[in-house]
Structures are given as structure tokens and as C-alpha cells.
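K.L.:
Just structure.txt, nothing more (compact mmCIF, C-alpha atoms):
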```
# COMPACT_ATOMS: atom_id res chain seq x y z
CA MET W 25 -6.30 -39.32 26.93
CA PRO W 26 -4.51 -42.44 25.52
CA GLN W 27 -3.75 -42.26 21.83
CA SER W 28 -4.64 -45.01 19.39
CA ARG W 29 -1.80 -47.21 18.21
CA PRO W 30 -0.61 -46.65 14.64
CA LEU W 31 -2.46 -48.76 12.12
CA ALA W 32 -0.60 -51.37 10.15
CA ARG W 33 0.05 -50.23 6.61
CA PRO W 34 -1.74 -52.54 4.21
CA ARG W 35 -0.11 -53.96 1.11
CA GLY W 36 -0.15 -51.52 -1.75
CA ALA W 37 -0.70 -48.51 0.55
CA ALA W 38 2.54 -46.91 -0.60
CA GLY W 39 0.91 -46.26 -3.94
CA PHE W 40 -2.32 -44.89 -2.45
CA ARG W 41 -3.09 -41.35 -3.56
CA ILE W 42 -4.61 -39.06 -0.96
CA ASP W 43 -7.81 -37.46 -2.17
CA PRO W 44 -7.91 -33.69 -1.45
CA PHE W 45 -11.56 -34.19 -0.51
CA ASP W 46 -10.46 -36.53 2.30
CA LEU W 47 -8.09 -33.86 3.60
CA ARG W 48 -10.96 -31.38 3.68
CA LEU W 49 -13.13 -33.94 5.43
CA PHE W 50 -10.46 -34.62 8.02
CA GLY W 51 -10.02 -30.88 8.63
CA ALA W 52 -13.78 -30.41 9.08
CA VAL W 53 -13.98 -33.34 11.53
CA ALA W 54 -10.96 -32.14 13.52
CA GLU W 55 -12.34 -28.60 13.65
CA ALA W 56 -15.79 -29.75 14.81
CA GLY W 57 -14.50 -32.45 17.17
CA SER W 58 -17.14 -34.77 15.76
CA ILE W 59 -17.32 -37.08 12.76
CA THR W 60 -21.08 -36.48 12.56
CA ALA W 61 -20.67 -32.70 12.39
CA GLY W 62 -17.78 -32.95 9.94
CA ALA W 63 -19.74 -35.29 7.69
CA ARG W 64 -22.70 -32.91 7.75
CA GLU W 65 -20.48 -29.99 6.72
CA MET W 66 -19.08 -32.02 3.80
CA HIS W 67 -22.57 -33.27 2.82
CA LEU W 68 -21.73 -36.92 3.52
CA SER W 69 -23.52 -39.63 5.47
CA LEU W 70 -21.91 -40.65 8.74
CA SER W 71 -21.02 -44.10 7.39
CA ALA W 72 -19.44 -42.67 4.22
CA ALA W 73 -17.37 -40.18 6.24
CA SER W 74 -16.21 -42.88 8.66
CA THR W 75 -15.16 -45.14 5.80
CA ARG W 76 -13.19 -42.37 4.09
CA LEU W 77 -11.41 -41.48 7.33
CA GLN W 78 -10.51 -45.11 8.01
CA ASN W 79 -9.14 -45.49 4.48
CA LEU W 80 -7.08 -42.32 4.99
CA GLU W 81 -5.63 -43.70 8.23
CA HIS W 82 -4.75 -47.00 6.56
CA ALA W 83 -3.17 -45.19 3.61
CA LEU W 84 -0.96 -43.13 5.93
CA GLY W 85 -0.26 -46.01 8.31
CA ALA W 86 -1.13 -43.99 11.41
CA ALA W 87 -4.17 -43.32 13.56
CA LEU W 88 -5.31 -39.75 12.99
CA LEU W 89 -8.16 -39.50 15.51
CA VAL W 90 -8.86 -40.70 19.03
CA ARG W 91 -12.55 -41.62 19.10
CA SER W 92 -14.69 -41.54 22.24
CA LYS W 93 -18.31 -40.97 23.24
CA GLN W 94 -17.50 -37.28 23.65
CA GLY W 95 -16.30 -36.97 20.05
CA VAL W 96 -12.87 -37.09 18.42
CA VAL W 97 -9.54 -35.35 18.94
CA PRO W 98 -6.52 -35.52 16.61
CA THR W 99 -3.55 -37.68 17.54
CA ASP W 100 -0.02 -36.32 17.10
CA ALA W 101 -0.11 -37.72 13.56
CA GLY W 102 -3.50 -36.06 13.07
CA ARG W 103 -2.19 -32.70 14.17
CA THR W 104 0.73 -33.04 11.74
CA LEU W 105 -1.64 -33.93 8.91
CA ARG W 106 -3.94 -31.05 9.79
CA ARG W 107 -1.06 -28.58 9.65
CA HIS W 108 0.10 -29.82 6.24
CA ALA W 109 -3.44 -30.24 4.94
CA GLY W 110 -4.18 -26.57 5.58
CA ARG W 111 -1.16 -25.51 3.57
CA LEU W 112 -1.98 -27.93 0.75
CA GLN W 113 -5.54 -26.64 0.57
CA ARG W 114 -4.33 -23.04 0.35
CA ASP W 115 -1.92 -24.05 -2.42
CA MET W 116 -4.72 -25.83 -4.26
CA GLU W 117 -6.95 -22.76 -3.97
CA ALA W 118 -4.13 -20.60 -5.36
CA LEU W 119 -3.64 -23.10 -8.19
CA HIS W 120 -7.35 -23.06 -9.03
CA ALA W 121 -7.34 -19.25 -8.99
CA GLU W 122 -4.36 -19.03 -11.34
CA MET W 123 -5.73 -21.67 -13.71
CA SER W 124 -9.07 -19.87 -13.71
CA ALA W 125 -7.23 -16.71 -14.72
CA HIS W 126 -5.65 -18.59 -17.65
CA ALA W 127 -9.04 -19.93 -18.63
CA HIS W 128 -10.37 -16.37 -18.76
CA GLY W 129 -7.62 -15.19 -21.07
CA VAL W 130 -4.80 -14.17 -18.68
CA ARG W 131 -1.80 -15.49 -20.59
CA SER W 132 0.90 -15.29 -17.94
CA SER W 133 1.73 -14.68 -14.29
CA VAL W 134 5.09 -13.22 -13.26
CA ARG W 135 6.54 -13.91 -9.81
CA VAL W 136 8.61 -11.02 -8.46
CA LEU W 137 10.61 -11.07 -5.22
CA CYS W 138 12.03 -7.83 -3.85
CA ASN W 139 13.45 -6.09 -0.80
CA THR W 140 11.59 -3.58 1.37
CA ALA W 141 12.61 -0.42 -0.50
CA ALA W 142 11.50 -1.81 -3.84
CA MET W 143 8.24 -3.14 -2.40
CA THR W 144 7.17 0.01 -0.57
CA GLU W 145 8.64 2.88 -2.60
CA TYR W 146 9.51 2.01 -6.18
CA LEU W 147 7.31 -0.77 -7.48
CA PRO W 148 3.74 0.32 -6.58
CA ALA W 149 3.57 3.21 -9.05
CA LEU W 150 5.51 1.33 -11.74
CA LEU W 151 3.42 -1.81 -11.45
CA GLY W 152 0.24 0.23 -11.65
CA ARG W 153 1.30 1.57 -15.05
CA PHE W 154 2.47 -1.84 -16.22
CA LEU W 155 -0.69 -3.70 -15.23
CA VAL W 156 -2.93 -1.12 -16.89
CA THR W 157 -1.04 -1.44 -20.18
CA HIS W 158 -0.70 -5.24 -19.92
CA PRO W 159 -4.16 -6.58 -18.95
CA ASP W 160 -3.10 -10.12 -19.96
CA ILE W 161 -0.34 -10.35 -17.30
CA ASP W 162 -0.65 -10.87 -13.54
CA VAL W 163 2.15 -10.12 -11.05
CA ASP W 164 2.74 -12.19 -7.90
CA LEU W 165 4.75 -9.81 -5.69
CA ARG W 166 6.45 -10.80 -2.42
CA GLU W 167 8.86 -9.05 -0.08
CA LEU W 168 11.95 -10.88 1.18
CA GLY W 169 15.39 -9.91 2.43
CA SER W 170 17.96 -9.67 -0.35
CA PRO W 171 19.76 -12.93 0.63
CA ASP W 172 16.44 -14.81 0.55
CA VAL W 173 15.56 -13.30 -2.82
CA LEU W 174 18.83 -14.61 -4.25
CA ARG W 175 18.36 -18.05 -2.71
CA THR W 176 14.90 -18.34 -4.27
CA MET W 177 16.13 -17.01 -7.63
CA ARG W 178 18.90 -19.61 -7.76
CA GLN W 179 16.31 -22.32 -7.13
CA GLU W 180 14.37 -20.92 -10.12
CA HIS W 181 11.28 -20.27 -8.00
CA ALA W 182 10.84 -16.69 -9.23
CA ASP W 183 11.06 -14.82 -12.52
CA ILE W 184 12.53 -11.49 -11.36
CA GLY W 185 14.32 -10.46 -8.18
CA ILE W 186 15.22 -7.02 -6.87
CA VAL W 187 18.04 -6.93 -4.32
CA ALA W 188 20.47 -4.48 -2.75
CA ASP W 189 24.00 -4.77 -4.09
CA TYR W 190 25.58 -5.78 -0.78
CA VAL W 191 24.78 -9.43 -1.58
CA ASP W 192 26.70 -11.71 -3.96
CA THR W 193 24.73 -11.99 -7.20
CA GLU W 194 27.17 -14.36 -8.91
CA GLY W 195 25.35 -16.74 -11.24
CA LEU W 196 22.53 -14.30 -12.01
CA ASN W 197 22.01 -11.67 -14.68
CA THR W 198 21.83 -8.22 -13.07
CA ARG W 199 21.21 -4.65 -14.09
CA VAL W 200 20.90 -1.47 -12.01
CA PHE W 201 17.33 -0.55 -11.10
CA ARG W 202 17.59 2.32 -8.57
CA GLU W 203 19.94 3.90 -6.05
CA ASP W 204 18.70 3.41 -2.51
CA ARG W 205 20.10 5.50 0.36
CA LEU W 206 19.19 4.92 3.99
CA VAL W 207 18.59 7.85 6.35
CA VAL W 208 17.69 8.34 10.00
CA LEU W 209 14.33 9.78 11.04
CA GLN W 210 14.30 11.59 14.39
CA PRO W 211 11.57 13.53 16.18
CA ALA W 212 12.09 17.21 15.34
CA GLN W 213 11.39 18.21 18.92
CA GLY W 214 14.60 17.97 20.92
CA SER W 215 16.81 17.40 17.87
CA ARG W 216 19.48 20.10 18.07
CA ALA W 217 22.22 18.85 15.79
CA GLY W 218 20.86 20.14 12.51
CA ARG W 219 20.91 17.75 9.61
CA ARG W 220 24.54 16.60 9.67
CA ALA W 221 25.26 13.00 8.75
CA LEU W 222 25.27 10.36 11.46
CA ARG W 223 27.05 7.06 11.79
CA PHE W 224 24.90 4.06 12.69
CA ALA W 225 27.01 3.66 15.83
CA ASP W 226 25.82 7.13 16.93
CA VAL W 227 22.19 6.00 17.13
CA ILE W 228 22.35 2.25 17.71
CA ASP W 229 21.61 2.55 21.43
CA GLN W 230 18.54 4.75 20.96
CA PRO W 231 15.00 3.29 20.98
CA PHE W 232 13.83 2.39 17.49
CA VAL W 233 10.52 2.23 15.67
CA GLY W 234 10.55 -0.23 12.80
CA LEU W 235 8.90 -2.68 10.47
CA PRO W 236 8.19 -6.31 11.46
CA ALA W 237 11.27 -8.34 12.36
CA GLU W 238 10.86 -10.53 9.27
CA SER W 239 10.93 -7.60 6.83
CA GLY W 240 13.99 -7.26 4.62
CA LEU W 241 14.94 -3.84 6.01
CA SER W 242 14.64 -4.95 9.63
CA ARG W 243 16.80 -7.99 9.04
CA PHE W 244 19.41 -5.90 7.23
CA LEU W 245 19.63 -3.35 10.05
CA GLN W 246 19.78 -6.07 12.68
CA ALA W 247 22.69 -7.65 10.80
CA GLN W 248 24.53 -4.31 10.77
CA ALA W 249 23.98 -3.95 14.52
CA LEU W 250 25.26 -7.48 15.20
CA ARG W 251 28.41 -6.72 13.24
CA GLN W 252 29.12 -4.11 15.88
CA GLY W 253 28.35 -6.57 18.66
CA ARG W 254 25.15 -4.73 19.53
CA GLY W 255 21.42 -5.22 19.23
CA LEU W 256 18.57 -2.88 18.38
CA HIS W 257 15.87 -2.04 20.91
CA HIS W 258 12.54 -1.66 19.12
CA ARG W 259 9.82 -0.01 21.15
CA VAL W 260 7.25 -1.03 18.55
CA ARG W 261 7.07 -2.60 15.10
CA VAL W 262 4.39 -1.66 12.58
CA ARG W 263 3.40 -2.77 9.10
CA SER W 264 4.16 0.30 6.99
CA LEU W 265 6.74 3.06 6.67
CA ASP W 266 3.90 5.58 6.91
CA ALA W 267 3.13 4.26 10.40
CA VAL W 268 6.84 4.28 11.27
CA ALA W 269 7.11 7.97 10.34
CA ALA W 270 3.98 8.85 12.30
CA LEU W 271 5.39 7.21 15.44
CA VAL W 272 8.72 8.98 15.01
CA ALA W 273 6.88 12.29 14.65
CA ASP W 274 5.10 11.56 17.93
CA GLY W 275 8.45 11.02 19.65
CA ALA W 276 8.18 7.24 20.14
CA GLY W 277 11.68 6.60 18.81
CA ILE W 278 13.94 6.92 15.78
CA ALA W 279 13.95 4.93 12.55
CA VAL W 280 16.17 4.08 9.60
CA VAL W 281 14.29 4.16 6.29
CA PRO W 282 15.00 4.61 2.56
CA ALA W 283 15.64 8.24 1.61
CA VAL W 284 12.88 8.13 -0.99
CA ALA W 285 10.41 7.18 1.74
CA ALA W 286 11.72 9.94 4.00
CA ALA W 287 11.14 12.49 1.24
CA ARG W 288 7.59 11.23 0.75
CA LEU W 289 6.83 11.25 4.49
CA ALA W 290 8.62 14.49 5.40
CA SER W 291 6.95 16.80 7.90
CA ALA W 292 7.88 19.62 10.26
CA ARG W 293 7.77 17.11 13.12
CA ILE W 294 10.54 14.91 11.68
CA THR W 295 14.24 15.57 11.21
CA VAL W 296 15.95 13.59 8.44
CA ARG W 297 19.65 12.82 8.90
CA PRO W 298 21.85 11.05 6.31
CA LEU W 299 23.66 7.90 7.37
CA ALA W 300 27.41 8.20 6.83
CA ASP W 301 28.14 4.44 6.79
CA ALA W 302 29.24 3.11 3.39
CA TRP W 303 26.59 0.35 3.49
CA ALA W 304 23.83 2.96 3.79
CA THR W 305 24.17 3.85 0.09
CA ARG W 306 23.10 0.88 -1.98
CA ARG W 307 22.10 0.13 -5.54
CA LEU W 308 19.02 -1.95 -6.19
CA LEU W 309 19.61 -4.59 -8.86
CA LEU W 310 17.17 -6.37 -11.14
CA CYS W 311 18.06 -10.08 -11.22
CA THR W 312 17.11 -12.91 -13.56
CA ALA W 313 18.32 -16.47 -13.94
CA VAL W 314 21.23 -17.26 -16.25
CA GLY W 315 20.69 -19.65 -19.14
CA THR W 316 16.89 -19.56 -18.93
CA GLU W 317 14.75 -17.54 -21.28
CA PRO W 318 12.08 -15.64 -19.31
CA GLY W 319 8.47 -16.16 -20.30
CA ALA W 320 6.72 -13.52 -22.36
CA GLY W 321 5.17 -11.86 -19.30
CA ALA W 322 8.43 -11.82 -17.34
CA ALA W 323 10.31 -10.46 -20.35
CA ALA W 324 7.76 -7.67 -20.78
CA LEU W 325 7.93 -6.68 -17.11
CA LEU W 326 11.73 -6.83 -17.04
CA ARG W 327 11.91 -4.61 -20.11
CA PHE W 328 9.44 -2.16 -18.59
CA LEU W 329 11.32 -1.93 -15.28
CA SER W 330 14.65 -1.54 -17.06
CA GLU W 331 13.39 1.29 -19.25
CA ALA W 332 11.77 3.00 -16.26
CA SER W 333 15.08 3.02 -14.36
```
Rewrite the structure of this file - the entire thing - as C-alpha cells.
P.N.:
Amino acid sequence: MPQSRPLARPRGAAGFRIDPFDLRLFGAVAEAGSITAGAREMHLSLSAASTRLQNLEHALGAALLVRSKQGVVPTDAGRTLRRHAGRLQRDMEALHAEMSAHAHGVRSSVRVLCNTAAMTEYLPALLGRFLVTHPDIDVDLRELGSPDVLRTMRQEHADIGIVADYVDTEGLNTRVFREDRLVVLQPAQGSRAGRRALRFADVIDQPFVGLPAESGLSRFLQAQALRQGRGLHHRVRVRSLDAVAALVADGAGIAVVPAVAAARLASARITVRPLADAWATRRLLLCTAVGTEPGAGAAALLRFLSEAS
């Protein structure tokens, strides 16, 4: 189907502000494939919806829709706008939710970025205690690999970071949070070598069970394998360490997990073996920006986590 030619940008369009309502209207029309249906969903008349869409196209200087008797389909520019519009709408919803929380007396929100071990094993119980005793503070918690945590911290897009000490934390304030050792989980059936320590090279060619590829732990282990010129073969990836341990117990493969998780998930069907590699014993560090005073909520959480160490 031929696409419409880009519209000429009118004078003064560079200063035109896009109305979030128009983005929602465009998304509704694109989803329905019909301006009439999209207008109905947004409680507009057909003529009002058409006018708003035309103004949006002129403001952006590009045709967003190909119109025909069968309905409308987005142009390449329309598909680009739709992709960004969805993200902007989600951000606006998050903004409204946070501002609503402030309006109802929540004084602060603390953004925390952390690696897999901190997210799955250490923070849940601690944050539960903190949130109960600090009803005026919300915590926005996200898992990232340690290098990504540091990158975001240096851009001042988070209040507190928790990373493993194999990364360079220069330029940030740090303090020790926990020691984190990695161990190997193997199916107990067929494991005849007791519980002696293993080197990563001893198991790297075996089939693995692991977390999603984007998780901090998965990315860390993949990096260690690549340093040895190898790759890891994952038979399956699942969302939680509990599921990883269950699959290992069933004999689906082996796994490398934090020792604290292995202790929690221990069973007669799993053999736990220490990893002998130096990188397998890590310290988790609490990180904050240098030269910037944390907000009251961030300071309270940092103090709580430090004292709980």
C-alpha cells in the first residue's frame, strides 16, 4: 500500500507542544484501524478526532496514517510514534501514580538498583521491615547487572546501588553490605564426587539451568565463560532461583547460584559444591553518589541497610 508523502512543516510548528491526549487518540485509532472507532473510544466526534490527528501530523511534519475506504494503517513515521507514545504514556501513568502518593502523604520515593543476589536473597526481608517502620517512604527496586548499576548511579538516576566488588566503583561512596559466594548446584542422583570444590572450568561444558539472559547473574556468568573462550549451554531459563533449584533437582542440568540461596533451597535431591575460582567469592557494596546529599528517604534506607549488615 503506498504511503502518504510527509506533510510540509508549517511555520511555528517547531514550538508546537504535543498534547498527551492526541497521543492517546492516535494510539486508539492505530489499534482499531479506524478513525471512527478510535474517536468513539476517546469520546470524540469524528470531525474533532480527524482535526486533532491532522494537527498532530502537521506538528510533526510527517504523515502518520494511510487513509483508505478500508480504514487506516500507520506509516513508518506512525509506527515510530506509536512505539514512543506507548512508552511516554506508561511514564506519565507512573508519574501520576507517584504524584498521587505524594498527595496522600507519602513524603519520598527511593530508587534502588541492585544485582541478582541482593534482589532475590538479601533485600526482600530487609525491605519488608523497613517499609513497615517507614510508612511514609516508597521503594522503587530494580535488578540490573553490577556494571549497569554503576553506570546508572554515575548518571544520578538512582539513590542507592548494590553491586558486587568485581566492578570499579571509583567516584562513588561505598560500604560493605554482604559477602556473596557462588556455588554449583548439581542433581544429587549420579553425583559421586562428594562436596569438594569445583573450578568453573570443570562444569562449563555441562548443560545449565539459569535465570533469564538479561539478569545480572546470567550476564556475569556468561562473561566468565567468555573469558575462557567458551559459552554456556542453557537448557532452560526461568524467572526465579526457586524454579532453578527445582529443575536441578529433577536432573535438567546444573546451576551456579549464590550460596545463601543454595542454603535456602537445599534438599536431598541437590548436591551443593563450592566454586574454587577467586571471582566466586564477592562482597556486595552499597553505593551512593559523591558530593550529593541523599534525600531523607534515601538516607533513612541507607542507614537501615548499613546497620543491618
K.L.:
Residues within 10 Å of region 297-306 of chain W, please, as a PyMOL selection string. Count all atoms listed in the file; anything in the same chain fewer than 5 positions from it doesn't count.
P.N.:
chain W and resi 187-190+202-210+217-226+245+248+280-283+286
K.L.:
Excluding same-chain residues fewer than 5 positions from Phe328 (chain W), what lies within 12 Å of it counting all atoms listed in the file, as a count of residues only?
P.N.:
15
K.L.:
If you count all atoms listed in the file, which residues fall within 8 Å of Leu77 (chain W), apart from same-chain ones fewer than 4 positions away, as a list in words?
P.N.:
Asp46, Leu49, Phe50, Ala73 and Glu81 of chain W
K.L.:
Go ahead and save the picked residues with C-alpha atoms, as a short mmCIF file (atom, residue, chain, number, x, y, z; two decimals), keeping the file's coordinate frame.
P.N.:
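Resulting contents of result.cif:
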```cif
data_model
loop_
_atom_site.label_atom_id
_atom_site.label_comp_id
_atom_site.auth_asym_id
_atom_site.auth_seq_id
_atom_site.Cartn_x
_atom_site.Cartn_y
_atom_site.Cartn_z
CA ASP W 46 -10.46 -36.53 2.30
CA LEU W 49 -13.13 -33.94 5.43
CA PHE W 50 -10.46 -34.62 8.02
CA ALA W 73 -17.37 -40.18 6.24
CA GLU W 81 -5.63 -43.70 8.23
#
```
K.L.:
Nearest to Arg166 (chain W): which of W:Asn139, W:Gln179, W:Gln78, W:Ser242 is it, counting all atoms listed in the file?
P.N.:
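Nearest to Arg166 (chain W): W:Asn139.
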K.L.:
Near Arg243 (chain W), counting all atoms listed in the file, which residues have an atom at most 12 Å away, once you skip same-chain residues fewer than 3 positions from it, shown as a ChimeraX atom specification?
P.N.:
/W:139-140,168-172,234-240,246-250,255-256
K.L.:
Calculated over only C-alpha atoms, which of the candidates W:Glu194, W:Asp164, W:Asp274, W:Glu180 has the smallest distance to Glu317 (chain W)?
P.N.:
W:Glu180
K.L.:
Distance CA of Leu265 (chain W)-CA of Arg293 (chain W), one decimal place?
P.N.:
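Going from CA of Leu265 (chain W) over to CA of Arg293 (chain W) covers 15.5 Å.
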K.L.:
By how many Å are CA of Asp162 (chain W) and CA of Thr312 (chain W) apart?
P.N.:
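Taking CA of Asp162 (chain W) as the start and CA of Thr312 (chain W) as the end point, the length is 17.9 Å.
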K.L.:
CA of Ala52 (chain W) and CA of Ser71 (chain W) are how many Å apart?
P.N.:
15.6 Å
K.L.:
Go through W:Leu309, W:Leu88, W:Val136, W:Leu119 and flag the residue nearest Arg106 (chain W), using all atoms listed in the file for the distances.
P.N.:
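Using all atoms listed in the file, the shortest distance to Arg106 (chain W) belongs to W:Leu88.
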K.L.:
Which polymer residues have any atom within 9 Å of an atom of Ala109 (chain W), counting all atoms listed in the file, with same-chain residues fewer than 5 positions away left out, as a PyMOL selection string?
P.N.:
chain W and resi 44+47-48+50-51+104+114
K.L.:
Out of W:Ala142, W:Ile278, W:Ile228, W:Met123, which residue has the shortest atom-to-atom distance to Ala212 (chain W) when counting all atoms listed in the file?
P.N.:
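Distance minimum relative to Ala212 (chain W) lands on W:Ile278.
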K.L.:
Which residue gives the smallest distance to His258 (chain W) among W:Asp192, W:Asp229, W:Asp160, W:Glu331, with all atoms listed in the file counted?
P.N.:
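Answer, going by the shortest atom-to-atom distance: W:Asp229.
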K.L.:
With all atoms listed in the file as the basis for distance, which of W:His82, W:His181, W:Arg64, W:Arg175 is at the shortest distance from Thr193 (chain W)?
P.N.:
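So, comparing all the options, the nearest one is W:Arg175.
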K.L.:
What would the file be for region 284-295 of chain W if you keep all heavy atoms and write it as an mmCIF file, in the first residue's frame?
P.N.:
```
data_model
loop_
_atom_site.group_PDB
_atom_site.id
_atom_site.type_symbol
_atom_site.label_atom_id
_atom_site.label_comp_id
_atom_site.auth_asym_id
_atom_site.auth_seq_id
_atom_site.Cartn_x
_atom_site.Cartn_y
_atom_site.Cartn_z
ATOM 1 N N VAL W 284 23.809 -18.273 49.693
ATOM 2 C CA VAL W 284 22.678 -18.054 50.587
ATOM 3 C C VAL W 284 21.401 -18.619 49.989
ATOM 4 O O VAL W 284 20.540 -19.141 50.711
ATOM 5 C CB VAL W 284 22.536 -16.546 50.909
ATOM 6 C CG1 VAL W 284 22.200 -15.732 49.658
ATOM 7 C CG2 VAL W 284 21.491 -16.321 51.989
ATOM 8 N N ALA W 285 21.266 -18.553 48.666
ATOM 9 C CA ALA W 285 20.108 -19.154 48.011
ATOM 10 C C ALA W 285 20.181 -20.664 48.075
ATOM 11 O O ALA W 285 19.167 -21.345 48.283
ATOM 12 C CB ALA W 285 20.029 -18.693 46.557
ATOM 13 N N ALA W 286 21.382 -21.220 47.880
ATOM 14 C CA ALA W 286 21.551 -22.672 47.947
ATOM 15 C C ALA W 286 21.165 -23.201 49.323
ATOM 16 O O ALA W 286 20.534 -24.256 49.442
ATOM 17 C CB ALA W 286 22.991 -23.045 47.618
ATOM 18 N N ALA W 287 21.536 -22.463 50.371
ATOM 19 C CA ALA W 287 21.181 -22.894 51.727
ATOM 20 C C ALA W 287 19.667 -22.872 51.922
ATOM 21 O O ALA W 287 19.089 -23.764 52.550
ATOM 22 C CB ALA W 287 21.868 -21.994 52.746
ATOM 23 N N ARG W 288 19.023 -21.871 51.363
ATOM 24 C CA ARG W 288 17.569 -21.756 51.498
ATOM 25 C C ARG W 288 16.845 -22.847 50.721
ATOM 26 O O ARG W 288 15.780 -23.318 51.130
ATOM 27 C CB ARG W 288 17.136 -20.364 51.017
ATOM 28 C CG ARG W 288 15.643 -20.126 50.982
ATOM 29 C CD ARG W 288 15.317 -18.687 50.634
ATOM 30 N NE ARG W 288 15.776 -18.294 49.312
ATOM 31 C CZ ARG W 288 15.097 -18.514 48.192
ATOM 32 N NH1 ARG W 288 13.929 -19.149 48.231
ATOM 33 N NH2 ARG W 288 15.575 -18.107 47.027
ATOM 34 N N LEU W 289 17.415 -23.243 49.572
ATOM 35 C CA LEU W 289 16.746 -24.171 48.671
ATOM 36 C C LEU W 289 17.263 -25.602 48.795
ATOM 37 O O LEU W 289 16.898 -26.460 47.983
ATOM 38 C CB LEU W 289 16.937 -23.689 47.225
ATOM 39 C CG LEU W 289 16.373 -22.290 46.919
ATOM 40 C CD1 LEU W 289 16.862 -21.794 45.575
ATOM 41 C CD2 LEU W 289 14.854 -22.312 46.965
ATOM 42 N N ALA W 290 18.092 -25.861 49.780
ATOM 43 C CA ALA W 290 18.723 -27.180 49.921
ATOM 44 C C ALA W 290 17.688 -28.287 50.049
ATOM 45 O O ALA W 290 16.629 -28.127 50.643
ATOM 46 C CB ALA W 290 19.640 -27.186 51.137
ATOM 47 N N SER W 291 18.005 -29.429 49.436
ATOM 48 C CA SER W 291 17.159 -30.616 49.559
ATOM 49 C C SER W 291 18.027 -31.843 49.330
ATOM 50 O O SER W 291 19.175 -31.744 48.861
ATOM 51 C CB SER W 291 16.014 -30.583 48.532
ATOM 52 O OG SER W 291 16.481 -30.933 47.244
ATOM 53 N N ALA W 292 17.473 -33.016 49.654
ATOM 54 C CA ALA W 292 18.219 -34.256 49.473
ATOM 55 C C ALA W 292 18.462 -34.562 47.999
ATOM 56 O O ALA W 292 19.302 -35.402 47.669
ATOM 57 C CB ALA W 292 17.467 -35.413 50.139
ATOM 58 N N ARG W 293 17.761 -33.882 47.107
ATOM 59 C CA ARG W 293 17.894 -34.146 45.680
ATOM 60 C C ARG W 293 18.927 -33.243 45.008
ATOM 61 O O ARG W 293 19.117 -33.301 43.799
ATOM 62 C CB ARG W 293 16.531 -33.963 45.013
ATOM 63 C CG ARG W 293 15.449 -34.882 45.599
ATOM 64 C CD ARG W 293 14.087 -34.491 45.081
ATOM 65 N NE ARG W 293 14.004 -34.635 43.628
ATOM 66 C CZ ARG W 293 13.146 -33.965 42.868
ATOM 67 N NH1 ARG W 293 12.334 -33.071 43.416
ATOM 68 N NH2 ARG W 293 13.128 -34.163 41.558
ATOM 69 N N ILE W 294 19.568 -32.377 45.784
ATOM 70 C CA ILE W 294 20.544 -31.434 45.240
ATOM 71 C C ILE W 294 21.864 -31.560 45.989
ATOM 72 O O ILE W 294 21.888 -31.658 47.221
ATOM 73 C CB ILE W 294 20.029 -29.984 45.361
ATOM 74 C CG1 ILE W 294 18.783 -29.784 44.500
ATOM 75 C CG2 ILE W 294 21.106 -28.977 44.957
ATOM 76 C CD1 ILE W 294 18.149 -28.415 44.672
ATOM 77 N N THR W 295 22.960 -31.569 45.247
ATOM 78 C CA THR W 295 24.291 -31.504 45.825
ATOM 79 C C THR W 295 24.846 -30.103 45.609
ATOM 80 O O THR W 295 24.795 -29.579 44.489
ATOM 81 C CB THR W 295 25.241 -32.519 45.172
ATOM 82 O OG1 THR W 295 24.751 -33.836 45.423
ATOM 83 C CG2 THR W 295 26.649 -32.398 45.734
#
```
